[in-house]
$ cat target_37.csv   # CSV, C-alpha atoms and all ligand atoms
chain,number,residue,atom,x,y,z
A,1,MET,CA,97.8,61.5,86.6
A,2,VAL,CA,97.4,65.2,86.2
A,3,GLY,CA,94.7,66.4,83.8
A,4,ALA,CA,94.2,69.9,82.5
A,5,HIS,CA,92.2,71.3,79.6
A,6,GLY,CA,93.7,73.3,76.7
A,7,ASP,CA,90.5,74.8,75.4
A,8,SER,CA,89.3,78.2,76.6
A,9,PRO,CA,86.2,80.3,75.9
A,10,ARG,CA,86.4,82.0,72.5
A,11,ILE,CA,84.4,83.1,69.5
A,12,ASP,CA,84.0,80.4,66.8
A,13,LEU,CA,83.2,81.1,63.1
A,14,LYS,CA,79.9,79.6,61.8
A,15,GLN,CA,80.1,77.3,58.8
A,16,ASN,CA,78.5,79.8,56.5
A,17,PRO,CA,80.0,82.9,57.9
A,18,LEU,CA,80.7,85.6,55.3
A,19,TYR,CA,78.2,88.2,54.2
A,20,GLU,CA,78.0,91.8,53.2
A,21,GLU,CA,75.7,94.5,54.6
A,22,ASN,CA,75.7,98.2,53.7
A,23,GLY,CA,79.2,98.0,52.3
A,24,VAL,CA,80.8,96.1,55.2
A,25,GLY,CA,82.1,92.5,55.0
A,26,LEU,CA,81.0,90.6,58.1
A,27,LEU,CA,81.4,87.1,59.6
A,28,LYS,CA,78.8,85.3,61.7
A,29,THR,CA,80.0,83.6,64.9
A,30,HIS,CA,78.9,81.2,67.6
A,31,TYR,CA,80.6,81.7,70.9
A,32,TYR,CA,82.3,78.7,72.6
A,33,GLY,CA,82.0,78.2,76.3
A,34,GLY,CA,80.5,80.4,79.0
A,35,ILE,CA,81.3,84.0,78.2
A,36,LYS,CA,80.0,87.4,79.2
A,37,LYS,CA,79.4,88.4,75.6
A,38,TYR,CA,79.6,92.2,76.1
A,39,GLN,CA,83.3,91.7,77.2
A,40,TRP,CA,84.3,90.5,73.7
A,41,THR,CA,83.3,93.6,71.7
A,42,THR,CA,85.7,96.5,70.8
A,43,THR,CA,88.8,94.5,71.5
A,44,PRO,CA,91.4,93.2,68.9
A,45,LEU,CA,90.8,89.6,68.0
A,46,ALA,CA,93.2,87.1,66.2
A,47,LEU,CA,92.0,84.3,64.0
A,48,HIS,CA,93.3,80.8,64.4
A,49,GLY,CA,92.3,77.4,63.0
A,50,ILE,CA,92.2,75.1,60.1
A,51,ILE,CA,90.3,74.7,56.7
A,52,VAL,CA,90.3,71.3,55.2
A,53,LYS,CA,89.6,71.0,51.5
A,54,THR,CA,87.8,68.0,50.0
A,55,ASN,CA,91.1,66.7,48.6
A,56,GLY,CA,92.3,66.3,52.2
A,57,GLU,CA,94.6,69.3,52.1
A,58,ARG,CA,94.7,71.1,55.4
A,59,VAL,CA,95.2,74.9,55.4
A,60,TRP,CA,96.4,76.4,58.8
A,61,VAL,CA,95.2,79.9,59.5
A,62,SER,CA,96.8,82.3,62.0
A,63,VAL,CA,96.1,86.1,61.6
A,64,GLY,CA,96.6,88.7,64.2
A,65,GLU,CA,99.4,87.6,66.4
A,66,GLU,CA,102.3,89.4,64.6
A,67,GLU,CA,102.7,93.1,65.1
A,68,THR,CA,102.3,93.7,61.3
A,69,ASP,CA,99.1,91.4,61.1
A,70,PRO,CA,95.7,92.9,60.8
A,71,VAL,CA,93.3,92.0,63.7
A,72,PHE,CA,89.5,91.5,63.7
A,73,TYR,CA,86.8,93.4,65.6
A,74,ILE,CA,83.3,93.1,67.1
A,75,THR,CA,81.5,96.4,67.3
A,76,ASP,CA,79.3,97.9,70.0
A,77,LEU,CA,77.0,101.0,70.0
A,78,PRO,CA,78.4,104.3,71.1
A,79,PRO,CA,76.8,105.6,74.4
A,80,HIS,CA,75.3,108.4,72.4
A,81,LEU,CA,72.9,106.0,70.6
A,82,SER,CA,72.2,103.3,73.2
A,83,ARG,CA,70.0,105.3,75.5
A,84,GLY,CA,66.5,104.0,75.8
A,85,GLY,CA,67.5,100.8,73.9
A,86,GLN,CA,70.5,98.7,74.5
A,87,ASP,CA,71.3,100.6,77.8
A,88,ASP,CA,68.0,99.1,79.3
A,89,ARG,CA,68.9,95.5,78.5
A,90,LYS,CA,70.0,93.2,81.3
A,91,LEU,CA,73.8,92.9,81.6
A,92,THR,CA,73.7,89.3,80.2
A,93,GLN,CA,71.8,90.6,77.1
A,94,GLY,CA,74.0,93.7,76.6
A,95,ILE,CA,75.3,92.0,73.5
A,96,ASP,CA,73.2,89.3,72.0
A,97,GLY,CA,74.7,86.1,70.5
A,98,GLU,CA,73.7,87.1,67.0
A,99,GLU,CA,75.3,90.5,67.5
A,100,LEU,CA,78.8,89.0,67.9
A,101,ASN,CA,79.6,89.7,64.2
A,102,ILE,CA,83.1,90.1,63.1
A,103,VAL,CA,84.1,93.1,60.9
A,104,ALA,CA,86.1,91.5,58.0
A,105,GLY,CA,86.6,94.4,55.5
A,106,THR,CA,85.2,97.3,53.6
A,107,MET,CA,87.2,97.4,50.3
A,108,PRO,CA,85.0,96.8,47.2
A,109,PHE,CA,86.1,94.5,44.3
A,110,ASP,CA,86.7,96.7,41.2
A,111,ASP,CA,83.9,95.5,38.9
A,112,GLU,CA,80.6,97.4,38.3
A,113,LYS,CA,78.8,94.2,37.3
A,114,VAL,CA,79.0,92.3,40.6
A,115,SER,CA,76.6,93.1,43.4
A,116,GLU,CA,78.4,92.2,46.7
A,117,LYS,CA,81.7,93.8,45.9
A,118,VAL,CA,83.2,93.8,49.4
A,119,LYS,CA,82.4,90.2,50.0
A,120,LEU,CA,83.8,89.2,46.6
A,121,ASN,CA,87.0,91.2,47.5
A,122,ILE,CA,87.4,89.3,50.8
A,123,LEU,CA,86.9,86.0,49.0
A,124,LYS,CA,89.5,87.0,46.4
A,125,ILE,CA,92.0,87.7,49.2
A,126,LEU,CA,91.2,84.4,50.9
A,127,ASN,CA,91.6,82.6,47.6
A,128,GLU,CA,95.0,84.2,46.9
A,129,LYS,CA,96.2,83.6,50.4
A,130,TYR,CA,94.8,80.1,51.2
A,131,GLY,CA,93.6,78.8,47.9
A,132,ILE,CA,90.0,78.3,49.3
A,133,LYS,CA,86.5,79.0,48.0
A,134,GLU,CA,83.6,80.1,50.0
A,135,VAL,CA,82.1,76.6,50.3
A,136,ASP,CA,85.4,75.4,52.0
A,137,PHE,CA,84.2,77.2,55.2
A,138,THR,CA,81.9,74.2,55.6
A,139,SER,CA,84.8,72.1,56.6
A,140,SER,CA,86.7,74.6,58.8
A,141,GLU,CA,87.4,75.2,62.4
A,142,LEU,CA,88.2,78.9,62.8
A,143,GLU,CA,88.3,80.6,66.1
A,144,PHE,CA,88.7,84.2,67.3
A,145,VAL,CA,90.7,84.9,70.4
A,146,PRO,CA,92.0,88.1,72.0
A,147,ALA,CA,95.0,89.4,70.0
A,148,TYR,CA,97.1,90.6,72.9
A,149,LYS,CA,100.0,89.0,74.7
A,150,ALA,CA,100.3,88.1,78.3
A,151,ARG,CA,101.8,90.9,80.5
A,152,SER,CA,103.0,91.4,84.0
A,153,VAL,CA,100.4,93.3,86.0
A,154,GLY,CA,100.8,95.8,88.9
A,155,PHE,CA,103.6,98.0,90.2
A,156,ASP,CA,105.2,95.0,91.8
A,157,GLU,CA,104.8,92.8,88.7
A,158,SER,CA,103.4,90.1,90.9
A,159,LEU,CA,100.5,89.2,88.6
A,160,ILE,CA,99.9,87.8,85.1
A,161,GLY,CA,97.3,89.2,82.8
A,162,GLY,CA,96.5,87.0,79.8
A,163,TYR,CA,93.9,85.3,77.7
A,164,GLY,CA,92.9,81.7,78.3
A,165,GLN,CA,94.7,81.1,81.6
A,166,ASP,CA,91.6,78.9,82.3
A,167,ASP,CA,93.1,76.4,81.8
A,168,LYS,CA,96.3,76.9,79.9
A,169,VAL,CA,98.0,78.0,83.2
A,170,CYS,CA,97.4,74.5,84.5
A,171,CYS,CA,98.4,72.9,81.1
A,172,TYR,CA,101.7,74.7,81.2
A,173,THR,CA,102.5,74.0,84.9
A,174,SER,CA,101.5,70.3,84.7
A,175,LEU,CA,103.4,69.8,81.4
A,176,ARG,CA,106.5,71.5,82.9
A,177,ALA,CA,106.1,69.2,86.0
A,178,ILE,CA,105.9,65.9,84.1
A,179,LEU,CA,108.8,66.9,81.8
A,180,GLU,CA,110.9,67.2,84.9
A,181,VAL,CA,109.8,64.0,86.6
A,182,GLU,CA,112.4,61.3,86.5
A,183,ASN,CA,111.9,57.7,87.7
A,184,PRO,CA,108.5,58.3,89.4
A,185,LYS,CA,107.4,55.6,91.9
A,186,LYS,CA,104.2,55.0,89.8
A,187,THR,CA,103.4,55.5,86.2
A,188,ALA,CA,103.0,59.3,85.7
A,189,ILE,CA,100.6,60.7,83.1
A,190,CYS,CA,99.9,64.3,82.1
A,191,ILE,CA,96.6,64.7,80.1
A,192,LEU,CA,95.9,67.9,78.2
A,193,THR,CA,92.2,67.5,77.1
A,194,ASP,CA,89.9,69.5,74.9
A,195,LYS,CA,86.2,70.5,75.0
A,196,GLU,CA,86.1,71.0,78.8
A,197,GLU,CA,84.4,74.3,78.5
A,198,ILE,CA,81.4,72.8,76.7
A,199,GLY,CA,81.0,69.7,78.8
A,200,PHE,CA,84.0,67.3,78.3
A,201,CYS,CA,82.3,65.9,75.2
A,202,GLY,CA,83.4,64.8,71.7
A,203,VAL,CA,86.3,62.7,70.6
A,204,THR,CA,88.8,65.0,72.2
A,205,GLY,CA,86.9,65.6,75.4
A,206,MET,CA,87.7,63.8,78.7
A,207,GLU,CA,84.5,61.8,78.5
A,208,SER,CA,85.7,60.2,75.2
A,209,HIS,CA,86.7,56.6,75.1
A,210,SER,CA,90.0,57.7,73.6
A,211,PHE,CA,91.3,57.8,77.2
A,212,GLU,CA,90.3,54.1,77.7
A,213,ARG,CA,92.0,53.4,74.4
A,214,PHE,CA,95.2,55.0,75.7
A,215,VAL,CA,95.1,53.0,79.0
A,216,VAL,CA,94.5,49.8,77.0
A,217,GLU,CA,97.5,50.6,74.8
A,218,LEU,CA,99.7,50.9,77.9
A,219,LEU,CA,98.4,47.7,79.4
A,220,ASP,CA,98.8,46.0,76.0
A,221,LYS,CA,102.5,46.4,76.3
A,222,LYS,CA,102.4,44.3,79.5
A,223,GLY,CA,99.9,41.8,78.0
A,224,GLU,CA,97.2,42.8,80.4
A,225,ASN,CA,94.5,44.4,78.3
A,226,SER,CA,91.4,42.7,79.7
A,227,VAL,CA,88.4,44.8,80.7
A,228,GLY,CA,89.2,43.8,84.3
A,229,ALA,CA,92.8,45.0,84.0
A,230,VAL,CA,91.6,48.4,82.8
A,231,GLU,CA,89.2,48.7,85.7
A,232,ARG,CA,91.8,47.6,88.2
A,233,THR,CA,94.2,50.2,86.8
A,234,TYR,CA,91.6,52.9,87.4
A,235,SER,CA,90.9,51.9,90.9
A,236,ASN,CA,94.7,51.8,91.6
A,237,SER,CA,95.1,55.3,90.1
A,238,ARG,CA,95.0,58.8,91.6
A,239,ALA,CA,94.3,62.0,89.7
A,240,ILE,CA,94.5,65.7,90.1
A,241,SER,CA,92.1,67.6,87.9
A,242,ALA,CA,94.4,70.6,87.3
A,243,ASP,CA,91.9,73.4,86.7
A,244,VAL,CA,91.6,77.0,87.8
A,245,ASP,CA,89.4,78.3,90.6
A,246,ALA,CA,87.6,81.6,91.0
A,247,GLY,CA,89.9,83.8,93.1
A,248,PHE,CA,88.4,86.1,95.7
A,249,ASP,CA,87.7,89.5,94.1
A,250,SER,CA,87.7,92.4,96.7
A,251,THR,CA,85.5,94.5,94.4
A,252,PHE,CA,82.7,91.9,94.6
A,253,PRO,CA,83.1,90.4,98.1
A,254,SER,CA,79.4,89.6,98.4
A,255,TYR,CA,79.7,86.8,95.8
A,256,TYR,CA,82.1,84.8,97.9
A,257,ASP,CA,82.3,83.1,101.3
A,258,VAL,CA,85.5,84.9,102.2
A,259,ARG,CA,86.5,82.1,104.6
A,260,ASN,CA,86.3,79.5,101.9
A,261,SER,CA,87.8,81.4,98.9
A,262,CYS,CA,91.3,81.4,97.5
A,263,LYS,CA,93.1,84.7,97.5
A,264,LEU,CA,95.6,85.7,94.8
A,265,GLY,CA,99.0,85.0,96.2
A,266,GLY,CA,97.8,82.3,98.7
A,267,GLY,CA,99.3,79.4,96.8
A,268,VAL,CA,97.7,76.6,94.8
A,269,CYS,CA,94.1,76.0,95.6
A,270,ILE,CA,92.6,72.6,96.7
A,271,CYS,CA,88.9,72.4,95.8
A,272,LYS,CA,87.5,69.3,97.6
A,273,TYR,CA,84.2,69.4,95.7
A,274,THR,CA,82.7,71.4,92.8
A,275,GLY,CA,79.0,71.1,91.8
A,276,ALA,CA,76.3,73.6,92.7
A,277,ARG,CA,73.3,73.9,95.0
A,278,GLY,CA,73.9,71.2,97.5
A,279,LYS,CA,77.1,69.9,95.9
A,280,SER,CA,74.9,68.6,93.0
A,281,GLY,CA,77.1,67.0,90.3
A,282,ALA,CA,80.2,67.0,92.5
A,283,SER,CA,82.8,64.3,92.7
A,284,GLU,CA,83.8,65.0,96.3
A,285,ALA,CA,87.4,63.9,97.0
A,286,PRO,CA,87.8,61.5,99.9
A,287,ALA,CA,89.3,63.0,103.1
A,288,GLU,CA,92.0,60.3,103.1
A,289,TYR,CA,93.1,61.2,99.7
A,290,ILE,CA,93.4,64.9,100.5
A,291,ALA,CA,95.3,64.2,103.6
A,292,ASP,CA,97.8,62.2,101.6
A,293,ILE,CA,98.1,65.1,99.1
A,294,ARG,CA,98.6,67.5,102.0
A,295,ARG,CA,101.4,65.4,103.3
A,296,VAL,CA,103.2,65.4,99.9
A,297,PHE,CA,102.7,69.2,99.6
A,298,ASP,CA,104.0,69.8,103.2
A,299,GLU,CA,107.1,67.6,102.5
A,300,ASN,CA,107.8,69.5,99.3
A,301,LYS,CA,107.0,73.0,100.7
A,302,VAL,CA,104.1,73.6,98.4
A,303,LYS,CA,101.9,76.6,99.5
A,304,TYR,CA,98.3,75.7,99.3
A,305,CYS,CA,94.9,76.9,100.3
A,306,SER,CA,91.4,75.5,100.2
A,307,SER,CA,88.3,76.9,98.6
A,308,GLU,CA,85.0,76.4,96.9
A,309,LEU,CA,83.5,78.2,93.9
A,310,GLY,CA,81.5,81.2,95.2
A,311,LYS,CA,78.7,81.3,97.8
A,312,VAL,CA,76.3,78.4,98.5
A,313,ASP,CA,73.4,78.5,96.1
A,314,LYS,CA,75.0,81.3,94.1
A,315,GLY,CA,78.2,79.9,92.6
A,316,GLY,CA,79.2,76.5,91.3
A,317,GLY,CA,80.6,74.7,88.3
A,318,GLY,CA,82.1,71.4,87.2
A,319,THR,CA,85.5,70.1,86.0
A,320,ILE,CA,86.9,66.9,84.5
A,321,ALA,CA,87.4,65.7,88.1
A,322,VAL,CA,83.9,64.1,87.7
A,323,THR,CA,85.0,62.2,84.7
A,324,PHE,CA,88.1,60.7,86.5
A,325,ALA,CA,86.0,59.9,89.6
A,326,ASN,CA,83.3,58.2,87.6
A,327,ARG,CA,86.0,55.8,86.3
A,328,GLY,CA,86.8,54.9,89.9
A,329,ILE,CA,89.9,57.1,90.2
A,330,ASP,CA,90.4,59.1,93.4
A,331,THR,CA,90.4,62.7,92.2
A,332,VAL,CA,90.7,66.2,93.5
A,333,ASP,CA,90.6,69.6,91.8
A,334,ILE,CA,93.9,71.5,92.4
A,335,GLY,CA,94.7,74.6,90.4
A,336,VAL,CA,95.5,78.3,90.2
A,337,PRO,CA,93.1,81.0,91.5
A,338,VAL,CA,92.0,83.3,88.6
A,339,LEU,CA,90.2,86.7,88.7
A,340,SER,CA,87.9,87.7,85.8
A,341,MET,CA,87.7,84.0,84.7
A,342,HIS,CA,86.4,83.5,81.1
A,343,SER,CA,87.0,87.1,80.2
A,344,PRO,CA,89.3,88.1,77.3
A,345,TYR,CA,92.1,89.0,79.8
A,346,GLU,CA,92.3,86.9,83.0
A,347,LEU,CA,94.4,87.6,86.1
A,348,THR,CA,96.6,85.2,88.1
A,349,SER,CA,99.4,85.5,90.6
A,350,LYS,CA,102.9,84.4,89.7
A,351,PHE,CA,103.3,82.9,93.2
A,352,ASP,CA,100.3,80.7,92.7
A,353,VAL,CA,101.3,79.6,89.2
A,354,TYR,CA,104.7,78.6,90.6
A,355,ASN,CA,103.1,76.7,93.4
A,356,ALA,CA,100.9,74.9,91.0
A,357,TYR,CA,104.0,73.7,89.1
A,358,LYS,CA,105.6,72.6,92.4
A,359,ALA,CA,102.3,70.9,93.5
A,360,TYR,CA,101.9,68.8,90.3
A,361,LYS,CA,105.6,67.9,90.3
A,362,ALA,CA,105.5,66.7,93.9
A,363,PHE,CA,102.3,64.7,93.2
A,364,LEU,CA,103.7,63.0,90.1
A,365,ASN,CA,107.0,62.2,91.9
A,366,ASN,CA,105.2,60.7,95.0
B,1,MN,MN,88.7,75.3,83.6
B,2,MN,MN,86.4,77.4,82.3
$ encode --input "target_37.csv" --output "structure tokens"
Amino acid sequence: MVGAHGDSPRIDLKQNPLYEENGVGLLKTHYYGGIKKYQWTTTPLALHGIIVKTNGERVWVSVGEEETDPVFYITDLPPHLSRGGQDDRKLTQGIDGEELNIVAGTMPFDDEKVSEKVKLNILKILNEKYGIKEVDFTSSELEFVPAYKARSVGFDESLIGGYGQDDKVCCYTSLRAILEVENPKKTAICILTDKEEIGFCGVTGMESHSFERFVVELLDKKGENSVGAVERTYSNSRAISADVDAGFDSTFPSYYDVRNSCKLGGGVCICKYTGARGKSGASEAPAEYIADIRRVFDENKVKYCSSELGKVDKGGGGTIAVTFANRGIDTVDIGVPVLSMHSPYELTSKFDVYNAYKAYKAFLNN
């Protein structure tokens, strides 16, 4: 199986978001995943998600992707005002979590008798467009993401700039791979999971028992759904955690071990172990397993390199590889190197993306 995650760092709306201050309608947010908050200000944002009413009706929301759509915006101070204040904060506190407020409008509702005229006008627009009341935000999942499209980057157009490539670039390549696999030697599975960026948790995360349920359903069709059968299936399985790695950034060389970093354009990246500070929390892939994968890659002319996430005691991280491995499944992280990971606009190499697709396809076929 090849498992990637579809969620990416973003800005989520709080459940009681809308307020008015000094004639501006604003929305409170809570960021999702590990972001550098200052990167998310002064950039156009699109709104996506769902509002569910108490009658069960689901209202899908998508604003900001069409050229004619409005976008949303998080403000920052001009340099003229931040001297002696915000300028002296540490980079990580340049923008505070509670300062990630979304500008949602300034037009007042035309009625002298009401107090919060801008807020009321926004609620009127939302009611007309979606048929919702303010309390309906309580049962909503609304998320702000960068409102710009993926583009080729560089004179030679060898790179891809785009939001959410961690880990949608591996979702796309692994999905393309499995859709083209015919008559695999073993059962081939592509898993696109959610909630990786906040710890693989919840009903849609990789830790969820919904994965067990899926395996049981498969075994059920063969009449082999005992606990033992599930466990045996796991120990006979092999997985790739298809997730991105931090590509070497020449502007910040001191943060990497250059000999053990993946370079953009070097192919798909094999990461034997993740974890941090003494491999803590890593599910290290067995040497035998990696040797077998190298053989398949060599036979299928997949270009690959090997890396770990930053310098010892400096870098580190985790992926759903741990979740597979804890189930007794041999697992290794293999994915695309990314620069500026978790930023609103991440950078990858087209050559690496293509080799990821080739790698997943070769793995699933063999
Ligand atoms: Mn990831
Ligand atoms: Mn990530």
$ residues_near_point --input "target_37.csv" --point "(93.7, 74.2, 62.7)" --cutoff "10 Å" --atoms "all atoms listed in the file" --output "NGL selection string"
:A and (48-52 or 58-62 or 140-143)
$ write_last_selection --input "target_37.csv" --atoms "C-alpha atoms" --output "PDB file, keeping the file's coordinate frame"
ATOM      1  CA  HIS A  48      93.300  80.800  64.400  1.00  0.00           C
ATOM      2  CA  GLY A  49      92.300  77.400  63.000  1.00  0.00           C
ATOM      3  CA  ILE A  50      92.200  75.100  60.100  1.00  0.00           C
ATOM      4  CA  ILE A  51      90.300  74.700  56.700  1.00  0.00           C
ATOM      5  CA  VAL A  52      90.300  71.300  55.200  1.00  0.00           C
ATOM      6  CA  ARG A  58      94.700  71.100  55.400  1.00  0.00           C
ATOM      7  CA  VAL A  59      95.200  74.900  55.400  1.00  0.00           C
ATOM      8  CA  TRP A  60      96.400  76.400  58.800  1.00  0.00           C
ATOM      9  CA  VAL A  61      95.200  79.900  59.500  1.00  0.00           C
ATOM     10  CA  SER A  62      96.800  82.300  62.000  1.00  0.00           C
ATOM     11  CA  SER A 140      86.700  74.600  58.800  1.00  0.00           C
ATOM     12  CA  GLU A 141      87.400  75.200  62.400  1.00  0.00           C
ATOM     13  CA  LEU A 142      88.200  78.900  62.800  1.00  0.00           C
ATOM     14  CA  GLU A 143      88.300  80.600  66.100  1.00  0.00           C
TER      15      GLU A 143
END
$ residues_near_point --input "target_37.csv" --point "(105.4, 70.5, 85.7)" --cutoff "8 Å" --atoms "only C-alpha atoms" --output "JSON list (two decimals) with C-alpha atoms, in the frame of the given file"
[["chain", "number", "residue", "atom", "x", "y", "z"],
["A", 172, "TYR", "CA", 101.70, 74.70, 81.20],
["A", 173, "THR", "CA", 102.50, 74.00, 84.90],
["A", 174, "SER", "CA", 101.50, 70.30, 84.70],
["A", 175, "LEU", "CA", 103.40, 69.80, 81.40],
["A", 176, "ARG", "CA", 106.50, 71.50, 82.90],
["A", 177, "ALA", "CA", 106.10, 69.20, 86.00],
["A", 178, "ILE", "CA", 105.90, 65.90, 84.10],
["A", 179, "LEU", "CA", 108.80, 66.90, 81.80],
["A", 180, "GLU", "CA", 110.90, 67.20, 84.90],
["A", 181, "VAL", "CA", 109.80, 64.00, 86.60],
["A", 357, "TYR", "CA", 104.00, 73.70, 89.10],
["A", 358, "LYS", "CA", 105.60, 72.60, 92.40],
["A", 360, "TYR", "CA", 101.90, 68.80, 90.30],
["A", 361, "LYS", "CA", 105.60, 67.90, 90.30]]
$ residues_near_ligand --input "target_37.csv" --ligand "ligand MN 2 (chain B)" --cutoff "8 Å" --atoms "only C-alpha atoms and all ligand atoms" --output "MDAnalysis selection string"
chainID A and resid 8:9 33:34 166:167 196:197 244 341:342
$ residues_near_ligand --input "target_37.csv" --ligand "ligand MN 1 (chain B)" --cutoff "12 Å" --atoms "all atoms listed in the file" --output "VMD selection string"
chain A and resid 3 to 9 33 to 34 164 to 171 192 to 200 241 to 246 274 309 317 to 321 333 to 338 341 to 342
$ atom_distance --input "target_37.csv" --atom1 "atom CA of Ile11 of chain A" --atom2 "atom CA of Tyr32 of chain A"
5.8 Å
